[in-house]
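To be precise, the following lines are protein11.pdb, and they hold PDB, C-alpha atoms and all ligand atoms.
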ATOM      1  CA  MET A   1       0.905   1.826  21.100
ATOM      2  CA  ALA A   2       4.467   1.476  19.807
ATOM      3  CA  ARG A   3       5.438  -1.371  17.506
ATOM      4  CA  SER A   4       7.070  -4.634  18.547
ATOM      5  CA  ASP A   5       8.727  -7.404  16.522
ATOM      6  CA  GLU A   6       5.827  -9.817  16.672
ATOM      7  CA  ASP A   7       2.852  -7.462  16.766
ATOM      8  CA  THR A   8      -0.324  -8.521  15.001
ATOM      9  CA  TRP A   9      -3.510  -6.707  14.026
ATOM     10  CA  ASP A  10      -6.876  -6.843  12.349
ATOM     11  CA  LEU A  11      -8.297  -4.203  10.002
ATOM     12  CA  ALA A  12      -9.562  -2.055  12.865
ATOM     13  CA  SER A  13      -6.335  -1.799  14.833
ATOM     14  CA  SER A  14      -2.700  -0.720  14.589
ATOM     15  CA  VAL A  15      -1.167  -1.099  11.097
ATOM     16  CA  GLY A  16      -4.301  -2.906   9.927
ATOM     17  CA  ALA A  17      -6.366   0.254  10.434
ATOM     18  CA  THR A  18      -4.143   2.043   7.909
ATOM     19  CA  ALA A  19      -5.407  -0.409   5.271
ATOM     20  CA  THR A  20      -8.956   0.630   6.150
ATOM     21  CA  MET A  21      -7.923   4.298   6.059
ATOM     22  CA  VAL A  22      -6.479   4.078   2.554
ATOM     23  CA  ALA A  23      -9.469   2.040   1.363
ATOM     24  CA  ALA A  24     -11.737   4.836   2.656
ATOM     25  CA  ALA A  25      -9.678   7.304   0.619
ATOM     26  CA  ARG A  26     -10.026   5.059  -2.453
ATOM     27  CA  ALA A  27     -13.782   4.876  -1.923
ATOM     28  CA  VAL A  28     -14.048   8.677  -1.818
ATOM     29  CA  ALA A  29     -11.598   9.084  -4.718
ATOM     30  CA  SER A  30     -13.725   6.725  -6.836
ATOM     31  CA  ARG A  31     -16.708   9.060  -6.720
ATOM     32  CA  GLY A  32     -17.789  11.639  -9.257
ATOM     33  CA  PRO A  33     -17.383  12.138 -12.988
ATOM     34  CA  GLU A  34     -13.765  13.334 -12.673
ATOM     35  CA  ALA A  35     -12.629  10.322 -10.625
ATOM     36  CA  LEU A  36      -9.149   9.096 -11.476
ATOM     37  CA  ILE A  37      -9.836   5.593 -10.175
ATOM     38  CA  ASP A  38     -12.689   3.122  -9.902
ATOM     39  CA  ASP A  39     -12.552   0.827  -6.905
ATOM     40  CA  PRO A  40     -16.095  -0.529  -6.618
ATOM     41  CA  TYR A  41     -15.293  -2.591  -3.513
ATOM     42  CA  ALA A  42     -13.570  -0.059  -1.272
ATOM     43  CA  ASP A  43     -16.746   1.487   0.147
ATOM     44  CA  ALA A  44     -18.325  -1.842   1.118
ATOM     45  CA  LEU A  45     -15.073  -3.171   2.578
ATOM     46  CA  VAL A  46     -14.640  -0.118   4.800
ATOM     47  CA  ARG A  47     -18.245  -0.372   5.996
ATOM     48  CA  ALA A  48     -17.749  -4.072   6.743
ATOM     49  CA  VAL A  49     -14.701  -3.313   8.910
ATOM     50  CA  GLY A  50     -16.995  -0.923  10.748
ATOM     51  CA  VAL A  51     -14.582   1.618  12.285
ATOM     52  CA  GLU A  52     -17.079   4.386  13.023
ATOM     53  CA  TYR A  53     -14.819   7.275  12.008
ATOM     54  CA  PHE A  54     -14.126   5.851   8.533
ATOM     55  CA  VAL A  55     -17.786   4.997   7.964
ATOM     56  CA  LYS A  56     -18.773   8.555   8.912
ATOM     57  CA  LEU A  57     -16.105   9.838   6.557
ATOM     58  CA  LEU A  58     -17.721   7.907   3.701
ATOM     59  CA  ASP A  59     -21.092   9.366   4.655
ATOM     60  CA  GLY A  60     -19.762  12.943   4.767
ATOM     61  CA  GLU A  61     -20.532  13.143   8.479
ATOM     62  CA  ILE A  62     -17.096  14.277   9.641
ATOM     63  CA  THR A  63     -16.333  17.983   9.861
ATOM     64  CA  LEU A  64     -12.633  18.622  10.321
ATOM     65  CA  GLU A  65     -10.779  21.804  11.210
ATOM     66  CA  ALA A  66      -9.767  23.740   8.094
ATOM     67  CA  ASP A  67      -6.115  22.615   7.942
ATOM     68  CA  ASN A  68      -6.971  18.990   8.510
ATOM     69  CA  ALA A  69      -9.843  19.111   6.025
ATOM     70  CA  ALA A  70      -7.404  20.454   3.428
ATOM     71  CA  MET A  71      -4.940  17.703   4.326
ATOM     72  CA  LEU A  72      -7.647  15.081   3.969
ATOM     73  CA  ALA A  73      -8.481  16.390   0.497
ATOM     74  CA  VAL A  74      -4.795  16.215  -0.426
ATOM     75  CA  MET A  75      -4.501  12.677   0.937
ATOM     76  CA  THR A  76      -7.528  11.599  -1.086
ATOM     77  CA  ASP A  77      -5.813  12.903  -4.227
ATOM     78  CA  VAL A  78      -2.561  11.246  -3.175
ATOM     79  CA  MET A  79      -4.398   7.947  -2.865
ATOM     80  CA  ALA A  80      -6.091   8.400  -6.238
ATOM     81  CA  VAL A  81      -2.752   9.056  -7.955
ATOM     82  CA  ARG A  82      -1.027   6.249  -6.060
ATOM     83  CA  THR A  83      -3.792   3.780  -6.897
ATOM     84  CA  ARG A  84      -3.637   4.674 -10.597
ATOM     85  CA  PHE A  85       0.145   4.305 -10.582
ATOM     86  CA  PHE A  86      -0.050   0.744  -9.228
ATOM     87  CA  ASP A  87      -3.081  -0.130 -11.409
ATOM     88  CA  ASP A  88      -1.231   1.068 -14.505
ATOM     89  CA  PHE A  89       1.867  -0.825 -13.415
ATOM     90  CA  PHE A  90      -0.014  -4.131 -13.436
ATOM     91  CA  LEU A  91      -1.906  -3.287 -16.627
ATOM     92  CA  SER A  92       1.291  -2.432 -18.493
ATOM     93  CA  SER A  93       3.424  -5.271 -17.133
ATOM     94  CA  GLY A  94       1.072  -7.881 -18.617
ATOM     95  CA  LEU A  95       2.767 -10.667 -16.630
ATOM     96  CA  PRO A  96       0.568 -13.625 -15.670
ATOM     97  CA  GLN A  97       2.183 -14.094 -12.233
ATOM     98  CA  ALA A  98       1.677 -11.222  -9.775
ATOM     99  CA  VAL A  99       2.330 -10.716  -6.081
ATOM    100  CA  ILE A 100       0.610  -8.036  -4.000
ATOM    101  CA  LEU A 101       2.681  -7.585  -0.853
ATOM    102  CA  ALA A 102       0.780  -6.180   2.151
ATOM    103  CA  SER A 103      -2.483  -6.447   0.239
ATOM    104  CA  GLY A 104      -4.718  -4.987   2.961
ATOM    105  CA  LEU A 105      -8.087  -4.109   1.356
ATOM    106  CA  ASP A 106      -6.566  -3.938  -2.144
ATOM    107  CA  ALA A 107      -9.190  -5.359  -4.545
ATOM    108  CA  ARG A 108      -6.999  -5.425  -7.677
ATOM    109  CA  ALA A 109      -7.268  -9.210  -7.922
ATOM    110  CA  TYR A 110     -11.017  -8.656  -8.339
ATOM    111  CA  ARG A 111     -11.224  -5.450 -10.322
ATOM    112  CA  LEU A 112      -8.367  -5.417 -12.857
ATOM    113  CA  PRO A 113      -8.599  -7.157 -16.267
ATOM    114  CA  TRP A 114      -5.828  -9.746 -15.760
ATOM    115  CA  PRO A 115      -4.365 -11.631 -18.731
ATOM    116  CA  SER A 116      -6.026 -15.024 -19.033
ATOM    117  CA  GLY A 117      -4.344 -17.703 -16.944
ATOM    118  CA  SER A 118      -3.011 -15.145 -14.456
ATOM    119  CA  VAL A 119      -2.273 -16.140 -10.882
ATOM    120  CA  VAL A 120      -2.315 -13.365  -8.274
ATOM    121  CA  TYR A 121      -0.818 -13.904  -4.827
ATOM    122  CA  GLU A 122      -1.840 -11.658  -1.942
ATOM    123  CA  ILE A 123       0.313 -11.535   1.185
ATOM    124  CA  ASP A 124      -0.731  -9.934   4.472
ATOM    125  CA  GLN A 125      -1.292 -10.831   8.097
ATOM    126  CA  PRO A 126      -3.786 -13.690   8.657
ATOM    127  CA  GLU A 127      -6.694 -11.642  10.058
ATOM    128  CA  VAL A 128      -6.414  -9.123   7.220
ATOM    129  CA  ILE A 129      -6.397 -11.818   4.530
ATOM    130  CA  GLU A 130      -9.251 -13.741   6.116
ATOM    131  CA  PHE A 131     -11.484 -10.688   6.545
ATOM    132  CA  LYS A 132     -11.113  -9.313   3.039
ATOM    133  CA  THR A 133     -11.498 -12.690   1.321
ATOM    134  CA  ARG A 134     -14.625 -13.547   3.307
ATOM    135  CA  THR A 135     -16.190 -10.095   2.942
ATOM    136  CA  LEU A 136     -15.697  -9.956  -0.821
ATOM    137  CA  ALA A 137     -17.132 -13.479  -1.144
ATOM    138  CA  ASP A 138     -20.141 -12.380   0.938
ATOM    139  CA  LEU A 139     -20.554  -9.427  -1.437
ATOM    140  CA  GLY A 140     -20.689 -11.858  -4.357
ATOM    141  CA  ALA A 141     -17.372 -10.649  -5.813
ATOM    142  CA  SER A 142     -15.215 -13.129  -7.725
ATOM    143  CA  PRO A 143     -11.506 -12.740  -8.424
ATOM    144  CA  ALA A 144     -10.700 -11.869 -12.046
ATOM    145  CA  ALA A 145      -7.630 -14.131 -11.907
ATOM    146  CA  GLU A 146      -6.738 -17.205  -9.925
ATOM    147  CA  LEU A 147      -6.237 -15.742  -6.452
ATOM    148  CA  ARG A 148      -3.955 -17.451  -3.957
ATOM    149  CA  THR A 149      -3.766 -15.845  -0.547
ATOM    150  CA  VAL A 150      -0.715 -16.154   1.679
ATOM    151  CA  ALA A 151      -1.524 -15.356   5.294
ATOM    152  CA  ILE A 152       1.795 -14.542   6.932
ATOM    153  CA  ASP A 153       3.747 -11.701   8.457
ATOM    154  CA  LEU A 154       6.257 -10.161   6.056
ATOM    155  CA  ARG A 155       8.872 -10.254   8.803
ATOM    156  CA  ASP A 156       8.599 -14.080   8.778
ATOM    157  CA  ASP A 157       9.620 -16.614   6.107
ATOM    158  CA  TRP A 158       7.088 -15.443   3.510
ATOM    159  CA  PRO A 159       9.149 -16.679   0.492
ATOM    160  CA  ARG A 160       8.688 -20.249   1.686
ATOM    161  CA  ALA A 161       4.958 -19.680   2.303
ATOM    162  CA  LEU A 162       4.641 -18.177  -1.187
ATOM    163  CA  ARG A 163       6.372 -21.156  -2.819
ATOM    164  CA  ASP A 164       4.188 -23.519  -0.791
ATOM    165  CA  ARG A 165       1.161 -21.897  -2.467
ATOM    166  CA  GLY A 166       2.633 -22.680  -5.903
ATOM    167  CA  PHE A 167       4.609 -19.522  -6.757
ATOM    168  CA  ASP A 168       6.990 -20.216  -9.676
ATOM    169  CA  PRO A 169      10.348 -18.417  -9.243
ATOM    170  CA  THR A 170      11.381 -19.352 -12.789
ATOM    171  CA  ALA A 171       8.547 -17.273 -14.313
ATOM    172  CA  PRO A 172       8.781 -13.458 -14.459
ATOM    173  CA  THR A 173       6.649 -11.837 -11.769
ATOM    174  CA  ALA A 174       5.001  -8.442 -11.307
ATOM    175  CA  TRP A 175       5.400  -7.358  -7.676
ATOM    176  CA  ILE A 176       3.915  -4.409  -5.827
ATOM    177  CA  ALA A 177       4.691  -3.108  -2.346
ATOM    178  CA  GLU A 178       2.214  -0.258  -1.857
ATOM    179  CA  GLY A 179       1.960   1.569   1.443
ATOM    180  CA  LEU A 180       4.254  -0.943   3.103
ATOM    181  CA  LEU A 181       7.868   0.126   3.529
ATOM    182  CA  ILE A 182       7.480   2.595   6.409
ATOM    183  CA  TYR A 183       5.737  -0.110   8.454
ATOM    184  CA  LEU A 184       8.806  -2.342   8.225
ATOM    185  CA  PRO A 185      12.011  -1.787  10.223
ATOM    186  CA  PRO A 186      14.865  -0.638   7.935
ATOM    187  CA  ASP A 187      16.583  -4.045   7.966
ATOM    188  CA  ALA A 188      13.289  -5.799   7.179
ATOM    189  CA  GLN A 189      12.895  -3.471   4.181
ATOM    190  CA  ASP A 190      16.290  -4.636   2.896
ATOM    191  CA  ARG A 191      15.378  -8.277   3.503
ATOM    192  CA  LEU A 192      12.100  -7.736   1.652
ATOM    193  CA  PHE A 193      13.958  -6.554  -1.467
ATOM    194  CA  ASP A 194      16.610  -9.282  -1.082
ATOM    195  CA  ASN A 195      13.845 -11.882  -1.025
ATOM    196  CA  ILE A 196      11.997 -10.319  -3.954
ATOM    197  CA  THR A 197      15.263 -10.255  -5.934
ATOM    198  CA  ALA A 198      15.996 -13.907  -5.148
ATOM    199  CA  LEU A 199      12.491 -14.886  -6.317
ATOM    200  CA  SER A 200      12.529 -12.756  -9.483
ATOM    201  CA  ALA A 201      13.323 -14.358 -12.832
ATOM    202  CA  PRO A 202      14.763 -11.998 -15.478
ATOM    203  CA  GLY A 203      12.023  -9.747 -16.865
ATOM    204  CA  SER A 204      10.259  -9.525 -13.482
ATOM    205  CA  ARG A 205       8.893  -6.101 -12.614
ATOM    206  CA  LEU A 206       8.462  -4.303  -9.309
ATOM    207  CA  ALA A 207       6.597  -1.161  -8.238
ATOM    208  CA  THR A 208       6.793   0.551  -4.876
ATOM    209  CA  GLU A 209       6.812   3.962  -3.256
ATOM    210  CA  PHE A 210       9.719   5.240  -1.220
ATOM    211  CA  HIS A 211       9.677   8.075   1.306
ATOM    212  CA  PRO A 212      13.301   9.282   1.588
ATOM    213  CA  ASP A 213      12.757  10.847   5.001
ATOM    214  CA  ALA A 214      11.671   7.463   6.397
ATOM    215  CA  GLY A 215       8.380   8.761   7.620
ATOM    216  CA  ALA A 216       9.749  11.293  10.135
ATOM    217  CA  ARG A 217       8.200  14.333   8.467
ATOM    218  CA  ILE A 218       5.081  12.441   7.557
ATOM    219  CA  GLY A 219       4.934  11.440  11.208
ATOM    220  CA  ALA A 220       4.839  15.095  12.284
ATOM    221  CA  SER A 221       1.803  15.901  10.138
ATOM    222  CA  SER A 222       0.109  12.647  11.066
ATOM    223  CA  GLN A 223       0.342  13.591  14.753
ATOM    224  CA  ARG A 224      -1.755  16.680  14.030
ATOM    225  CA  MET A 225      -4.226  14.396  12.315
ATOM    226  CA  ALA A 226      -4.154  11.987  15.264
ATOM    227  CA  GLU A 227      -5.223  14.751  17.654
ATOM    228  CA  GLU A 228      -8.173  15.543  15.455
ATOM    229  CA  TRP A 229      -9.049  11.864  15.040
ATOM    230  CA  ARG A 230      -9.007  11.469  18.812
ATOM    231  CA  ARG A 231     -11.597  14.229  19.075
ATOM    232  CA  HIS A 232     -13.746  12.118  16.739
ATOM    233  CA  GLY A 233     -13.232   8.966  18.798
ATOM    234  CA  LEU A 234     -10.579   7.296  16.631
ATOM    235  CA  ASP A 235      -7.467   6.295  18.569
ATOM    236  CA  LEU A 236      -4.880   5.952  15.806
ATOM    237  CA  ASP A 237      -1.528   7.707  15.655
ATOM    238  CA  MET A 238       0.291   6.844  12.462
ATOM    239  CA  ALA A 239       3.553   8.115  13.941
ATOM    240  CA  ASP A 240       3.447   5.180  16.402
ATOM    241  CA  LEU A 241       3.236   2.744  13.505
ATOM    242  CA  PHE A 242       6.177   3.902  11.382
ATOM    243  CA  TYR A 243       9.713   2.710  11.897
ATOM    244  CA  ASP A 244      12.141   5.629  11.939
ATOM    245  CA  GLY A 245      15.863   5.380  11.426
ATOM    246  CA  GLU A 246      18.248   5.475   8.525
ATOM    247  CA  ARG A 247      16.981   3.420   5.594
ATOM    248  CA  ASN A 248      18.736   2.286   2.457
ATOM    249  CA  PRO A 249      17.345   4.296  -0.466
ATOM    250  CA  VAL A 250      15.289   1.847  -2.518
ATOM    251  CA  VAL A 251      16.433   3.117  -5.918
ATOM    252  CA  ASP A 252      20.135   2.531  -5.220
ATOM    253  CA  TYR A 253      19.470  -0.667  -3.328
ATOM    254  CA  LEU A 254      17.644  -2.219  -6.269
ATOM    255  CA  ARG A 255      20.131  -0.947  -8.886
ATOM    256  CA  GLU A 256      22.957  -2.591  -6.962
ATOM    257  CA  ARG A 257      21.041  -5.877  -7.069
ATOM    258  CA  GLY A 258      20.492  -6.100 -10.813
ATOM    259  CA  TRP A 259      17.325  -4.074 -11.364
ATOM    260  CA  GLU A 260      16.850  -1.286 -13.900
ATOM    261  CA  VAL A 261      15.068   1.371 -11.906
ATOM    262  CA  GLU A 262      12.962   4.423 -12.734
ATOM    263  CA  ALA A 263      11.798   6.864 -10.067
ATOM    264  CA  ARG A 264       9.336   9.699 -10.427
ATOM    265  CA  SER A 265       8.567  12.336  -7.815
ATOM    266  CA  ARG A 266       5.054  12.711  -6.472
ATOM    267  CA  PRO A 267       4.535  16.103  -8.166
ATOM    268  CA  ASP A 268       5.554  14.437 -11.473
ATOM    269  CA  MET A 269       3.034  11.677 -10.871
ATOM    270  CA  PHE A 270       0.332  14.256 -10.172
ATOM    271  CA  ALA A 271       1.215  16.066 -13.410
ATOM    272  CA  HIS A 272       1.181  12.753 -15.281
ATOM    273  CA  TYR A 273      -2.393  12.139 -14.147
ATOM    274  CA  GLY A 274      -3.483  15.737 -14.739
ATOM    275  CA  ARG A 275      -3.840  16.722 -11.093
ATOM    276  CA  PRO A 276      -2.295  19.947  -9.734
ATOM    277  CA  PHE A 277       0.070  19.258  -6.837
ATOM    278  CA  PRO A 278      -0.856  21.366  -3.796
ATOM    279  CA  THR A 279       1.552  23.878  -2.313
ATOM    280  CA  GLY A 280       2.426  24.750   1.295
ATOM    281  CA  GLU A 281       4.467  23.526   4.251
ATOM    282  CA  ALA A 282       1.955  20.806   5.178
ATOM    283  CA  VAL A 283       2.566  18.917   1.939
ATOM    284  CA  GLU A 284       6.359  19.244   1.894
ATOM    285  CA  ALA A 285       6.857  15.722   3.270
ATOM    286  CA  LEU A 286       4.550  14.287   0.621
ATOM    287  CA  ARG A 287       6.481  16.040  -2.138
ATOM    288  CA  GLN A 288       9.585  13.921  -1.390
ATOM    289  CA  SER A 289       7.970  10.555  -2.081
ATOM    290  CA  LEU A 290       9.111   8.597  -5.104
ATOM    291  CA  ALA A 291       7.076   6.265  -7.290
ATOM    292  CA  VAL A 292       9.528   3.525  -8.199
ATOM    293  CA  THR A 293       9.324   0.947 -10.980
ATOM    294  CA  ALA A 294      12.024  -1.601 -11.690
ATOM    295  CA  THR A 295      12.757  -4.396 -14.153
ATOM    296  CA  ARG A 296      14.996  -7.348 -13.317
ATOM    297  CA  ARG A 297      17.789  -7.799 -15.828
TER     298      ARG A 297
HETATM  299  N1  LIG A 301      -1.286  -2.143   0.075
HETATM  300  C1  LIG A 301      -2.601  -1.920   0.630
HETATM  301  C2  LIG A 301      -3.221  -0.682   0.015
HETATM  302  O1  LIG A 301      -2.478   0.181  -0.467
HETATM  303  O2  LIG A 301      -4.438  -0.577   0.061
HETATM  304  C3  LIG A 301      -2.569  -1.772   2.149
HETATM  305  C4  LIG A 301      -1.699  -0.648   2.638
HETATM  306  S1  LIG A 301      -1.871  -0.375   4.381
HETATM  307  C5  LIG A 301      -1.329   1.289   4.475
HETATM  308  C6  LIG A 301      -0.516  -1.273   5.077
HETATM  309  C7  LIG A 301      -0.693  -2.792   4.939
HETATM  310  O3  LIG A 301       0.560  -3.378   5.234
HETATM  311  C8  LIG A 301      -1.700  -3.397   5.897
HETATM  312  O4  LIG A 301      -2.613  -4.184   5.198
HETATM  313  C9  LIG A 301      -0.847  -4.236   6.818
HETATM  314  O5  LIG A 301      -1.500  -5.373   7.325
HETATM  315  C10 LIG A 301       0.322  -4.572   5.914
HETATM  316  N2  LIG A 301       1.550  -4.870   6.635
HETATM  317  C11 LIG A 301       2.377  -4.002   7.245
HETATM  318  N3  LIG A 301       3.384  -4.650   7.845
HETATM  319  C12 LIG A 301       3.180  -5.968   7.590
HETATM  320  C13 LIG A 301       3.865  -7.153   7.955
HETATM  321  N4  LIG A 301       4.950  -7.107   8.719
HETATM  322  N5  LIG A 301       3.371  -8.334   7.529
HETATM  323  C14 LIG A 301       2.261  -8.391   6.767
HETATM  324  N6  LIG A 301       1.562  -7.301   6.396
HETATM  325  C15 LIG A 301       2.011  -6.116   6.810
END

What is this file in structure tokens?
Ligand code: SAM
Amino acid sequence: MARSDEDTWDLASSVGATATMVAAARAVASRGPEALIDDPYADALVRAVGVEYFVKLLDGEITLEADNAAMLAVMTDVMAVRTRFFDDFFLSSGLPQAVILASGLDARAYRLPWPSGSVVYEIDQPEVIEFKTRTLADLGASPAAELRTVAIDLRDDWPRALRDRGFDPTAPTAWIAEGLLIYLPPDAQDRLFDNITALSAPGSRLATEFHPDAGARIGASSQRMAEEWRRHGLDLDMADLFYDGERNPVVDYLRERGWEVEARSRPDMFAHYGRPFPTGEAVEALRQSLAVTATRR
């Protein structure tokens, strides 16, 4: 179903299901001696959501057609590299105030070694926040920092909700927006960065990923995936969830607003983490994505 301005979801539907999808990829990418990441909660979180397709994926019970199986392997690597990039961002920033925008099933507040006294804010839609917090508590997991959840839509007045939870705009902050931008309309993306900028004291840091083609090419390959998913009983078409249309390029947008910005291409990120980047038409869209880090002057 197409998007609307006030749409909502849980972790099994619409945009929420994409959080479960990437957590399933993190669970698979955490396995084996060569694993680039270690997310010990992803597997249990995906099982708790209970979408049959993703659970079967974890159990190796899904056989895909050759092209889609290859794509799935690529996406698992993409998620491993992406996860490491954002993990390393937090580890290297060393700032005691952090905000995870669109936190989904991200368990960084629980699994990263935060500096003592750190406060981590997680922002996502109410049902997403409630489910993950309750499930991790049921699993006996404790946050490794003081965790403050902010249950709100990022198209609403989230800066006020964040401040109401005690966020300090005078202290430098480490922000991440991972797997979020293409699910926001272009103007909401700009507002997101305007709000982040307004809340960022000098020395604040930001990491995100930007897809210069605004999801259109990714949408084409995801439709092929959607057909295959449908055959396995999963009704999810990522192309319905993206917002197309001209988008301000994040790198320029941030530079013009007082951030020092670095951007690295996905193949560079793969090389950085010692993974070969695959070749072929199917991965062309993925090649364009940029891993962006920025520091507020
Ligand atoms: N960042 C997480 C990760 O990488 O595991 C989740 C990424 S998932 C692909 C997209 C997330 O964005 C979902 O958790 C979804 O709920 C959240 N999201 C998208 N649009 C949102 C909005 N308007 N308000 C709040 N959350 C939103």

query: Written as a PyMOL selection string, what is the full residue list that the PyMOL selection byres (((chain A and resi 87) around 12) and not hetatm) yields on the file shown?
result: chain A and resi 36-39+79-86+88-94+100+106-109+111-114+174-176+178+207-208

Expected file: the selected residues, C-alpha atoms, as a PDB file, in the frame of the given file:
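Final output, result_5.pdb:
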ATOM      1  CA  LEU A  36      -9.149   9.096 -11.476  1.00  0.00           C
ATOM      2  CA  ILE A  37      -9.836   5.593 -10.175  1.00  0.00           C
ATOM      3  CA  ASP A  38     -12.689   3.122  -9.902  1.00  0.00           C
ATOM      4  CA  ASP A  39     -12.552   0.827  -6.905  1.00  0.00           C
ATOM      5  CA  MET A  79      -4.398   7.947  -2.865  1.00  0.00           C
ATOM      6  CA  ALA A  80      -6.091   8.400  -6.238  1.00  0.00           C
ATOM      7  CA  VAL A  81      -2.752   9.056  -7.955  1.00  0.00           C
ATOM      8  CA  ARG A  82      -1.027   6.249  -6.060  1.00  0.00           C
ATOM      9  CA  THR A  83      -3.792   3.780  -6.897  1.00  0.00           C
ATOM     10  CA  ARG A  84      -3.637   4.674 -10.597  1.00  0.00           C
ATOM     11  CA  PHE A  85       0.145   4.305 -10.582  1.00  0.00           C
ATOM     12  CA  PHE A  86      -0.050   0.744  -9.228  1.00  0.00           C
ATOM     13  CA  ASP A  88      -1.231   1.068 -14.505  1.00  0.00           C
ATOM     14  CA  PHE A  89       1.867  -0.825 -13.415  1.00  0.00           C
ATOM     15  CA  PHE A  90      -0.014  -4.131 -13.436  1.00  0.00           C
ATOM     16  CA  LEU A  91      -1.906  -3.287 -16.627  1.00  0.00           C
ATOM     17  CA  SER A  92       1.291  -2.432 -18.493  1.00  0.00           C
ATOM     18  CA  SER A  93       3.424  -5.271 -17.133  1.00  0.00           C
ATOM     19  CA  GLY A  94       1.072  -7.881 -18.617  1.00  0.00           C
ATOM     20  CA  ILE A 100       0.610  -8.036  -4.000  1.00  0.00           C
ATOM     21  CA  ASP A 106      -6.566  -3.938  -2.144  1.00  0.00           C
ATOM     22  CA  ALA A 107      -9.190  -5.359  -4.545  1.00  0.00           C
ATOM     23  CA  ARG A 108      -6.999  -5.425  -7.677  1.00  0.00           C
ATOM     24  CA  ALA A 109      -7.268  -9.210  -7.922  1.00  0.00           C
ATOM     25  CA  ARG A 111     -11.224  -5.450 -10.322  1.00  0.00           C
ATOM     26  CA  LEU A 112      -8.367  -5.417 -12.857  1.00  0.00           C
ATOM     27  CA  PRO A 113      -8.599  -7.157 -16.267  1.00  0.00           C
ATOM     28  CA  TRP A 114      -5.828  -9.746 -15.760  1.00  0.00           C
ATOM     29  CA  ALA A 174       5.001  -8.442 -11.307  1.00  0.00           C
ATOM     30  CA  TRP A 175       5.400  -7.358  -7.676  1.00  0.00           C
ATOM     31  CA  ILE A 176       3.915  -4.409  -5.827  1.00  0.00           C
ATOM     32  CA  GLU A 178       2.214  -0.258  -1.857  1.00  0.00           C
ATOM     33  CA  ALA A 207       6.597  -1.161  -8.238  1.00  0.00           C
ATOM     34  CA  THR A 208       6.793   0.551  -4.876  1.00  0.00           C
TER      35      THR A 208
END

task: Run the PyMOL selection byres (((chain A and resi 294-297) around 9) and not hetatm) against the file shown and list the residues it catches, as a list of chain:residue names.
output: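 Evaluating the PyMOL selection byres (((chain A and resi 294-297) around 9) and not hetatm) on these coordinates yields A:Pro172, A:Thr197, A:Ser200, A:Ala201, A:Pro202, A:Gly203, A:Ser204, A:Arg205, A:Leu206, A:Ala207, A:Thr208, A:Val251, A:Leu254, A:Arg255, A:Arg257, A:Gly258, A:Trp259, A:Glu260, A:Val261, A:Glu262, A:Ala263, A:Val292, A:Thr293.
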
Please save C-alpha atoms of the selected residues as a tab-separated table (two decimals), in the coordinates of the input.
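Resulting contents of out.tsv:
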chain	number	residue	atom	x	y	z
A	172	PRO	CA	8.78	-13.46	-14.46
A	197	THR	CA	15.26	-10.26	-5.93
A	200	SER	CA	12.53	-12.76	-9.48
A	201	ALA	CA	13.32	-14.36	-12.83
A	202	PRO	CA	14.76	-12.00	-15.48
A	203	GLY	CA	12.02	-9.75	-16.86
A	204	SER	CA	10.26	-9.52	-13.48
A	205	ARG	CA	8.89	-6.10	-12.61
A	206	LEU	CA	8.46	-4.30	-9.31
A	207	ALA	CA	6.60	-1.16	-8.24
A	208	THR	CA	6.79	0.55	-4.88
A	251	VAL	CA	16.43	3.12	-5.92
A	254	LEU	CA	17.64	-2.22	-6.27
A	255	ARG	CA	20.13	-0.95	-8.89
A	257	ARG	CA	21.04	-5.88	-7.07
A	258	GLY	CA	20.49	-6.10	-10.81
A	259	TRP	CA	17.32	-4.07	-11.36
A	260	GLU	CA	16.85	-1.29	-13.90
A	261	VAL	CA	15.07	1.37	-11.91
A	262	GLU	CA	12.96	4.42	-12.73
A	263	ALA	CA	11.80	6.86	-10.07
A	292	VAL	CA	9.53	3.52	-8.20
A	293	THR	CA	9.32	0.95	-10.98

query: Of the candidates A:Ala42, A:Ala282, A:Leu162, A:Ala27, which one gets nearest to Met71 (chain A) if we count all atoms listed in the file?
result: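 Of all the options, A:Ala282 lies closest to Met71 (chain A).
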
- prompt: What does the distance from CA of Asp156 (chain A) to CA of Ala12 (chain A) come to in Å, to one decimal?
  reply: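 The value is 22.2 Å.
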
Kindly compile the residues surrounding ligand LIG 301 (chain A) within 6 Å, counting only C-alpha atoms and all ligand atoms, and format them as an mmCIF file with C-alpha atoms, in the frame of the given file.
data_model
loop_
_atom_site.group_PDB
_atom_site.id
_atom_site.type_symbol
_atom_site.label_atom_id
_atom_site.label_comp_id
_atom_site.auth_asym_id
_atom_site.auth_seq_id
_atom_site.Cartn_x
_atom_site.Cartn_y
_atom_site.Cartn_z
ATOM 1 C CA VAL A 15 -1.167 -1.099 11.097
ATOM 2 C CA GLY A 16 -4.301 -2.906 9.927
ATOM 3 C CA THR A 18 -4.143 2.043 7.909
ATOM 4 C CA ALA A 19 -5.407 -0.409 5.271
ATOM 5 C CA VAL A 22 -6.479 4.078 2.554
ATOM 6 C CA ALA A 23 -9.469 2.040 1.363
ATOM 7 C CA ALA A 102 0.780 -6.180 2.151
ATOM 8 C CA SER A 103 -2.483 -6.447 0.239
ATOM 9 C CA GLY A 104 -4.718 -4.987 2.961
ATOM 10 C CA LEU A 105 -8.087 -4.109 1.356
ATOM 11 C CA ASP A 106 -6.566 -3.938 -2.144
ATOM 12 C CA ASP A 124 -0.731 -9.934 4.472
ATOM 13 C CA GLN A 125 -1.292 -10.831 8.097
ATOM 14 C CA ASP A 153 3.747 -11.701 8.457
ATOM 15 C CA LEU A 154 6.257 -10.161 6.056
ATOM 16 C CA ARG A 155 8.872 -10.254 8.803
ATOM 17 C CA GLU A 178 2.214 -0.258 -1.857
ATOM 18 C CA GLY A 179 1.960 1.569 1.443
ATOM 19 C CA LEU A 180 4.254 -0.943 3.103
ATOM 20 C CA TYR A 183 5.737 -0.110 8.454
ATOM 21 C CA LEU A 184 8.806 -2.342 8.225
#
